[in-house]
$ cat coords-v2.cif   # mmCIF, C-alpha atoms
data_model
loop_
_atom_site.label_atom_id
_atom_site.label_comp_id
_atom_site.auth_asym_id
_atom_site.auth_seq_id
_atom_site.Cartn_x
_atom_site.Cartn_y
_atom_site.Cartn_z
CA MET D 20 79.59 118.76 -0.50
CA SER D 21 80.85 117.28 -3.78
CA VAL D 22 83.83 118.15 -5.94
CA SER D 23 84.02 119.10 -9.58
CA ASN D 24 86.68 118.74 -12.24
CA ARG D 25 84.71 120.74 -14.79
CA PRO D 26 86.78 122.62 -17.39
CA ILE D 27 87.56 126.26 -16.66
CA THR D 28 85.31 128.41 -18.82
CA LEU D 29 86.33 131.88 -17.65
CA PRO D 30 88.61 134.09 -19.80
CA SER D 31 92.18 132.90 -20.05
CA PHE D 32 95.30 134.72 -21.25
CA ILE D 33 98.94 133.94 -21.95
CA ILE D 34 101.74 136.03 -20.40
CA ARG D 35 105.33 135.00 -21.13
CA GLN D 36 104.06 131.53 -22.14
CA ILE D 37 102.25 131.14 -18.80
CA PRO D 38 98.44 130.78 -18.79
CA VAL D 39 96.56 133.19 -16.53
CA TYR D 40 92.86 133.13 -15.74
CA GLY D 41 91.22 136.53 -15.47
CA PHE D 42 88.24 137.43 -13.33
CA PRO D 43 86.22 140.65 -13.22
CA SER D 44 85.84 140.55 -9.43
CA MET D 45 86.70 138.66 -6.26
CA GLN D 46 83.07 137.61 -5.94
CA ALA D 47 83.06 136.04 -9.40
CA PHE D 48 86.22 134.07 -8.62
CA THR D 49 84.92 132.83 -5.26
CA ASP D 50 81.57 131.82 -6.78
CA PHE D 51 83.44 129.86 -9.44
CA LEU D 52 85.72 128.03 -6.99
CA LEU D 53 83.23 127.34 -4.18
CA PRO D 54 79.66 127.37 -5.48
CA SER D 55 76.91 126.18 -3.17
CA LEU D 56 76.90 122.50 -4.17
CA GLN D 57 80.46 121.60 -5.14
CA VAL D 58 84.12 122.49 -4.84
CA HIS D 59 86.20 123.14 -7.94
CA THR D 60 89.24 120.92 -7.49
CA GLY D 61 92.68 121.97 -8.70
CA ARG D 62 95.71 124.10 -7.84
CA LEU D 63 95.33 127.83 -7.27
CA ILE D 64 98.59 129.64 -8.01
CA ALA D 65 99.10 133.35 -7.37
CA LEU D 66 101.00 134.78 -10.31
CA ASN D 67 103.23 137.84 -10.11
CA ALA D 68 106.24 139.15 -12.00
CA GLU D 69 108.73 137.59 -9.61
CA LYS D 70 107.21 134.13 -10.03
CA ILE D 71 107.33 134.39 -13.82
CA LEU D 72 111.02 135.34 -13.67
CA THR D 73 111.73 132.48 -11.26
CA ALA D 74 109.98 130.05 -13.58
CA GLU D 75 112.30 131.10 -16.40
CA GLN D 76 115.20 129.77 -14.31
CA ASN D 77 113.42 126.91 -12.52
CA GLU D 78 112.21 124.24 -14.93
CA GLN D 79 110.22 122.45 -12.22
CA LEU D 80 108.27 125.59 -11.35
CA HIS D 81 107.74 126.37 -15.04
CA GLN D 82 106.27 122.90 -15.51
CA ILE D 83 103.89 123.44 -12.60
CA LEU D 84 102.72 126.82 -13.93
CA THR D 85 101.97 125.34 -17.35
CA SER D 86 100.42 122.04 -16.27
CA GLY D 87 96.80 122.97 -15.76
CA GLY D 88 96.75 124.87 -12.49
CA ILE D 89 94.50 127.88 -11.97
CA ASN D 90 97.00 130.74 -12.23
CA TYR D 91 95.43 134.04 -11.23
CA PRO D 92 96.80 137.63 -11.35
CA ASP D 93 97.98 138.37 -7.82
CA GLY D 94 100.53 141.00 -8.90
CA ILE D 95 99.53 144.35 -10.38
CA SER D 96 102.25 143.93 -13.04
CA ILE D 97 100.44 140.86 -14.37
CA VAL D 98 97.14 142.73 -14.52
CA ARG D 99 98.73 145.59 -16.45
CA SER D 100 100.40 143.16 -18.84
CA ILE D 101 97.10 141.40 -19.54
CA ARG D 102 95.40 144.72 -20.21
CA LYS D 103 98.21 145.75 -22.55
CA LYS D 104 98.28 142.49 -24.49
CA TYR D 105 94.49 141.99 -24.42
CA PRO D 106 92.96 145.51 -24.53
CA LYS D 107 89.35 144.27 -24.29
CA SER D 108 89.96 142.10 -21.24
CA GLN D 109 88.04 142.70 -18.01
CA VAL D 110 90.54 141.61 -15.41
CA THR D 111 91.07 142.80 -11.85
CA ARG D 112 93.90 142.08 -9.46
CA ILE D 113 93.06 139.23 -7.10
CA ALA D 114 95.29 139.60 -4.04
CA GLY D 115 96.03 136.17 -2.61
CA ALA D 116 95.44 137.32 0.99
CA ASP D 117 91.99 138.64 0.07
CA LEU D 118 91.09 135.56 -1.96
CA TRP D 119 92.08 133.29 0.93
CA GLN D 120 89.81 135.16 3.34
CA SER D 121 86.97 135.08 0.82
CA LEU D 122 87.36 131.31 0.44
CA MET D 123 87.60 130.77 4.19
CA GLN D 124 84.42 132.76 4.77
CA ARG D 125 82.64 130.72 2.10
CA ALA D 126 84.02 127.46 3.54
CA GLY D 127 82.59 128.39 6.92
CA ALA D 128 79.20 129.25 5.46
CA LEU D 129 79.01 125.99 3.49
CA SER D 130 80.75 123.75 6.06
CA ILE D 131 83.54 122.84 3.65
CA PRO D 132 86.37 121.00 5.46
CA VAL D 133 89.69 122.86 5.42
CA TYR D 134 93.29 121.74 6.09
CA LEU D 135 95.96 124.31 6.96
CA VAL D 136 99.63 123.74 6.14
CA GLY D 137 102.62 125.97 6.77
CA SER D 138 104.01 128.71 8.97
CA GLN D 139 105.18 128.36 12.58
CA PRO D 140 103.18 126.35 15.14
CA ASP D 141 102.04 129.40 17.13
CA VAL D 142 100.91 131.25 13.99
CA LEU D 143 99.08 128.16 12.78
CA ALA D 144 97.30 127.74 16.11
CA GLN D 145 96.20 131.39 16.19
CA THR D 146 95.03 131.20 12.57
CA THR D 147 92.96 128.11 13.30
CA GLU D 148 91.38 129.68 16.38
CA LYS D 149 90.50 132.91 14.58
CA LEU D 150 89.03 131.11 11.56
CA GLN D 151 86.82 129.01 13.81
CA GLN D 152 85.69 131.96 15.89
CA GLN D 153 85.17 134.42 13.04
CA TRP D 154 83.58 132.22 10.37
CA GLN D 155 83.11 128.79 11.97
CA VAL D 156 85.48 127.25 9.43
CA PRO D 157 85.64 123.46 9.90
CA ILE D 158 89.40 122.88 10.25
CA VAL D 159 89.96 119.13 9.91
CA GLY D 160 93.74 119.21 10.23
CA GLN D 161 96.84 121.35 10.36
CA GLN D 162 100.57 120.94 9.75
CA GLN D 163 103.29 123.44 10.63
CA GLY D 164 105.59 124.26 7.73
CA TYR D 165 108.92 123.15 9.16
CA PHE D 166 108.78 119.47 8.24
CA THR D 167 111.63 117.63 6.56
CA GLU D 168 111.80 116.00 3.15
CA ALA D 169 111.63 112.62 4.89
CA GLU D 170 108.27 113.62 6.42
CA VAL D 171 106.61 114.83 3.22
CA ASP D 172 104.92 111.55 2.29
CA HIS D 173 103.53 111.16 5.81
CA VAL D 174 102.14 114.71 5.74
CA ILE D 175 100.48 114.06 2.39
CA GLN D 176 98.87 110.88 3.65
CA ARG D 177 97.48 112.73 6.66
CA ILE D 178 95.97 115.34 4.36
CA LYS D 179 94.42 112.65 2.19
CA ALA D 180 93.01 110.81 5.20
CA SER D 181 91.36 114.01 6.46
CA GLN D 182 89.23 114.26 3.28
CA ALA D 183 89.65 118.04 3.36
CA LYS D 184 88.21 119.82 0.32
CA VAL D 185 90.23 123.05 0.63
CA ILE D 186 93.94 122.89 1.51
CA THR D 187 95.95 126.08 1.95
CA VAL D 188 99.75 126.03 2.12
CA ALA D 189 101.87 128.83 3.61
CA MET D 190 105.48 127.92 2.88
CA GLY D 191 106.67 130.59 0.46
CA SER D 192 107.36 130.28 -3.26
CA PRO D 193 108.39 128.06 -4.94
CA ARG D 194 108.40 125.58 -2.02
CA GLN D 195 104.64 125.74 -1.54
CA GLU D 196 103.96 125.19 -5.25
CA LEU D 197 106.27 122.17 -5.29
CA PHE D 198 104.59 120.69 -2.22
CA ILE D 199 101.11 121.33 -3.60
CA GLN D 200 102.04 119.56 -6.83
CA ARG D 201 103.20 116.46 -4.93
CA CYS D 202 100.12 116.47 -2.74
CA TYR D 203 97.75 116.98 -5.67
CA GLU D 204 99.22 113.98 -7.47
CA VAL D 205 98.32 111.78 -4.50
CA TYR D 206 95.06 113.46 -3.52
CA PRO D 207 93.48 115.37 -6.43
CA ASP D 208 89.99 115.63 -4.88
CA ALA D 209 90.50 119.07 -3.33
CA LEU D 210 91.19 122.71 -4.06
CA TYR D 211 94.77 123.71 -3.17
CA MET D 212 96.04 127.23 -2.61
CA GLY D 213 99.53 128.56 -1.88
CA VAL D 214 99.20 131.53 0.47
CA GLY D 215 102.74 132.66 1.40
CA GLY D 216 102.64 134.88 4.49
CA THR D 217 98.85 135.21 4.60
CA TYR D 218 98.43 133.54 8.00
CA ASP D 219 100.76 136.13 9.58
CA VAL D 220 98.73 138.97 8.08
CA PHE D 221 95.43 137.39 9.14
CA ILE D 222 96.36 137.21 12.82
CA GLY D 223 97.95 140.68 12.79
CA LYS D 224 101.55 139.57 13.18
CA VAL D 225 102.47 141.31 9.92
CA LYS D 226 100.87 144.59 8.87
CA ARG D 227 99.54 144.85 5.34
CA ALA D 228 99.64 148.00 3.21
CA PRO D 229 96.78 150.49 3.80
CA LEU D 230 93.80 150.02 1.51
CA LEU D 231 94.61 153.11 -0.58
CA TRP D 232 98.08 151.74 -1.35
CA GLN D 233 96.50 148.42 -2.34
CA LYS D 234 94.02 150.12 -4.68
CA LEU D 235 96.82 152.12 -6.32
CA GLY D 236 98.82 148.94 -6.92
CA LEU D 237 101.57 150.11 -4.56
CA GLU D 238 101.51 147.29 -2.03
CA TRP D 239 104.96 146.24 -3.23
CA LEU D 240 106.32 149.72 -2.43
CA TYR D 241 104.83 149.65 1.05
CA ARG D 242 106.55 146.32 1.77
CA LEU D 243 109.82 147.70 0.41
CA ILE D 244 109.64 150.75 2.68
CA ARG D 245 109.02 148.56 5.71
CA GLN D 246 111.56 145.95 4.61
CA PRO D 247 114.47 147.65 2.77
CA SER D 248 116.14 144.24 2.52
CA ARG D 249 113.65 143.48 -0.28
CA LEU D 250 115.41 146.01 -2.55
CA LYS D 251 117.54 143.38 -4.28
CA ARG D 252 114.44 141.34 -5.08
CA GLN D 253 112.64 144.42 -6.41
CA LEU D 254 115.56 145.40 -8.65
CA LYS D 255 115.38 141.99 -10.31
CA LEU D 256 111.84 142.84 -11.37
CA LEU D 257 113.21 145.49 -13.75
CA LYS D 258 113.76 142.62 -16.14
CA TYR D 259 110.03 141.97 -16.20
CA GLN D 260 109.28 145.65 -16.68
CA GLY D 261 111.53 145.47 -19.73
CA TYR D 262 109.36 142.68 -21.10
CA HIS D 263 106.27 144.82 -20.49
CA TRP D 264 107.65 148.00 -22.07
CA ARG D 265 108.94 146.16 -25.14
CA GLY D 266 105.71 144.21 -25.55
CA GLU D 267 107.48 140.88 -25.06
CA LEU D 268 104.50 139.36 -23.31
#

$ encode --input "coords-v2.cif" --output "structure tokens"
Amino acid sequence: MSVSNRPITLPSFIIRQIPVYGFPSMQAFTDFLLPSLQVHTGRLIALNAEKILTAEQNEQLHQILTSGGINYPDGISIVRSIRKKYPKSQVTRIAGADLWQSLMQRAGALSIPVYLVGSQPDVLAQTTEKLQQQWQVPIVGQQQGYFTEAEVDHVIQRIKASQAKVITVAMGSPRQELFIQRCYEVYPDALYMGVGGTYDVFIGKVKRAPLLWQKLGLEWLYRLIRQPSRLKRQLKLLKYQGYHWRGEL
């Protein structure tokens, strides 16, 4: 299994000065990232309205989002903004949790070595076991997410030594993006993906919105109903909706 640094040739868009790559389907995205003979190296970054607003206040995150990573539309707000700004675009929402499972299934089928980072030790262990049982994913290393700043360089060196070709990081945003950037600078020969709480969903610790809610773009509302404490975060997103309504995209 080789790696590729070939230029991205799929449609790209600009939303609030942030580049976003659009894909017509999950299958097309997976085929692009993990074709049969090589892995597309780089940094996969799930883009949603909250992350764009955070980047406006966090210069380091803004730099990461504009420095050549593969930003994809994880949030329905981003998809709607692309369709408004680029009426002829053929873009679908790519939910990070679904993309991760698609990549893991492909990694198992093609024997692509995977390294898991993040979450709590018990969640990480259950995720590893399920991936190996369900898709025979070759897990070549794992690292729980509660390591200190002093341990970061050691963790990165372990990842590099493993020669993993797909590295997924579940540490929440923007921490996972910042860690991925540091790791990529040391070991660029892999595909990196920040996955947030995906491991918890995968093992059934956290329940995801029903499929109908997902298709209607209401997954955010389902999470809000189950976690009312998210209300303050959701209210902040009204600022992004203002951008969308005024066409300031």

$ atom_distance --input "coords-v2.cif" --atom1 "atom CA of D:Asp141" --atom2 "atom CA of D:Gln200"
25.9 Å

$ closest_residue --input "coords-v2.cif" --among "D:Gly88, D:Pro193, D:Pro207, D:Pro43" --to "D:Glu69" --atoms "all atoms listed in the file"
D:Pro193

$ atom_distance --input "coords-v2.cif" --atom1 "atom CA of D:Tyr262" --atom2 "atom CA of D:His81"
17.5 Å

$ closest_residue --input "coords-v2.cif" --among "D:Gln36, D:Gly41, D:Asp208, D:Asp172" --to "D:Val58" --atoms "all atoms listed in the file"
D:Asp208

$ resolve_selection --input "coords-v2.cif" --expression "the PyMOL selection byres ((chain D and resi 67) around 6)" --output "number ranges by chain"
D: 66, 68-70, 93-94, 97

$ residues_around --input "coords-v2.cif" --residues "D:Gly61" --least-positions-apart "2" --cutoff "10 Å" --atoms "all atoms listed in the file" --output "VMD selection string"
chain D and resid 23 to 24 52 58 to 59 63 to 64 87 to 89 185 199 to 200 203 207 to 212

$ atom_distance --input "coords-v2.cif" --atom1 "atom CA of D:Gln46" --atom2 "atom CA of D:Leu84"
23.8 Å

$ residues_around --input "coords-v2.cif" --residues "D:Ile158" --least-positions-apart "6" --cutoff "12 Å" --atoms "all atoms listed in the file" --output "tab-separated table (two decimals) with C-alpha atoms, in the frame of the given file"
chain	number	residue	atom	x	y	z
D	123	MET	CA	87.60	130.77	4.19
D	126	ALA	CA	84.02	127.46	3.54
D	127	GLY	CA	82.59	128.39	6.92
D	130	SER	CA	80.75	123.75	6.06
D	131	ILE	CA	83.54	122.84	3.65
D	132	PRO	CA	86.37	121.00	5.46
D	133	VAL	CA	89.69	122.86	5.42
D	134	TYR	CA	93.29	121.74	6.09
D	135	LEU	CA	95.96	124.31	6.96
D	136	VAL	CA	99.63	123.74	6.14
D	143	LEU	CA	99.08	128.16	12.78
D	144	ALA	CA	97.30	127.74	16.11
D	146	THR	CA	95.03	131.20	12.57
D	147	THR	CA	92.96	128.11	13.30
D	148	GLU	CA	91.38	129.68	16.38
D	149	LYS	CA	90.50	132.91	14.58
D	150	LEU	CA	89.03	131.11	11.56
D	151	GLN	CA	86.82	129.01	13.81
D	152	GLN	CA	85.69	131.96	15.89
D	178	ILE	CA	95.97	115.34	4.36
D	181	SER	CA	91.36	114.01	6.46
D	182	GLN	CA	89.23	114.26	3.28
D	183	ALA	CA	89.65	118.04	3.36
D	184	LYS	CA	88.21	119.82	0.32
D	185	VAL	CA	90.23	123.05	0.63
D	186	ILE	CA	93.94	122.89	1.51
D	187	THR	CA	95.95	126.08	1.95

$ closest_residue --input "coords-v2.cif" --among "D:Lys258, D:Leu129, D:Pro92, D:Tyr165" --to "D:Pro54" --atoms "all atoms listed in the file"
D:Leu129

$ closest_residue --input "coords-v2.cif" --among "D:Glu204, D:Asp50, D:Glu267, D:Asp219" --to "D:Arg62" --atoms "all atoms listed in the file"
D:Glu204

$ resolve_selection --input "coords-v2.cif" --expression "the PyMOL selection byres ((chain D and resi 47) around 12)" --output "PDB file with C-alpha atoms, in the frame of the given file"
ATOM      1  CA  LEU D  29      86.330 131.880 -17.650  1.00  0.00           C
ATOM      2  CA  PRO D  30      88.610 134.090 -19.800  1.00  0.00           C
ATOM      3  CA  GLY D  41      91.220 136.530 -15.470  1.00  0.00           C
ATOM      4  CA  PHE D  42      88.240 137.430 -13.330  1.00  0.00           C
ATOM      5  CA  PRO D  43      86.220 140.650 -13.220  1.00  0.00           C
ATOM      6  CA  SER D  44      85.840 140.550  -9.430  1.00  0.00           C
ATOM      7  CA  MET D  45      86.700 138.660  -6.260  1.00  0.00           C
ATOM      8  CA  GLN D  46      83.070 137.610  -5.940  1.00  0.00           C
ATOM      9  CA  PHE D  48      86.220 134.070  -8.620  1.00  0.00           C
ATOM     10  CA  THR D  49      84.920 132.830  -5.260  1.00  0.00           C
ATOM     11  CA  ASP D  50      81.570 131.820  -6.780  1.00  0.00           C
ATOM     12  CA  PHE D  51      83.440 129.860  -9.440  1.00  0.00           C
ATOM     13  CA  LEU D  52      85.720 128.030  -6.990  1.00  0.00           C
ATOM     14  CA  LEU D  53      83.230 127.340  -4.180  1.00  0.00           C
ATOM     15  CA  PRO D  54      79.660 127.370  -5.480  1.00  0.00           C
ATOM     16  CA  GLN D 109      88.040 142.700 -18.010  1.00  0.00           C
ATOM     17  CA  VAL D 110      90.540 141.610 -15.410  1.00  0.00           C
ATOM     18  CA  THR D 111      91.070 142.800 -11.850  1.00  0.00           C
ATOM     19  CA  ILE D 113      93.060 139.230  -7.100  1.00  0.00           C
ATOM     20  CA  LEU D 118      91.090 135.560  -1.960  1.00  0.00           C
ATOM     21  CA  SER D 121      86.970 135.080   0.820  1.00  0.00           C
ATOM     22  CA  LEU D 122      87.360 131.310   0.440  1.00  0.00           C
TER      23      LEU D 122
END

$ residues_near_point --input "coords-v2.cif" --point "(93.7, 135.7, 8.5)" --cutoff "7 Å" --atoms "only C-alpha atoms" --output "list in words"
Gln120, Thr146, Thr217, Tyr218, Val220, Phe221 and Ile222 of chain D

$ resolve_selection --input "coords-v2.cif" --expression "the PyMOL selection byres ((chain D and resi 137) around 10)" --output "number ranges by chain"
D: 135-136, 138-140, 142-143, 161-166, 187-191, 195, 213-216, 218

$ closest_residue --input "coords-v2.cif" --among "D:Phe198, D:Arg102, D:Val205, D:Asp117" --to "D:Thr167" --atoms "all atoms listed in the file"
D:Phe198

$ residues_around --input "coords-v2.cif" --residues "D:Leu72" --least-positions-apart "6" --cutoff "9 Å" --atoms "all atoms listed in the file" --output "VMD selection string"
chain D and resid 255 to 256 258 to 259

$ closest_residue --input "coords-v2.cif" --among "D:Asn90, D:Gln124, D:Gln155, D:Ser100" --to "D:Arg35" --atoms "only C-alpha atoms"
D:Ser100

$ residues_around --input "coords-v2.cif" --residues "D:Leu80" --least-positions-apart "2" --cutoff "10 Å" --atoms "all atoms listed in the file" --output "ChimeraX atom specification"
/D:70-71,73-78,82-86,192-194,196-197,200

$ axis_aligned_box --input "coords-v2.cif" --around "stretch 151-162 of chain D" --padding-each-side "5 Å" --output "lines of an AutoDock Vina configuration file"
center_x = 91.8
center_y = 126.8
center_z = 12.7
size_x = 27.5
size_y = 25.3
size_z = 16.5
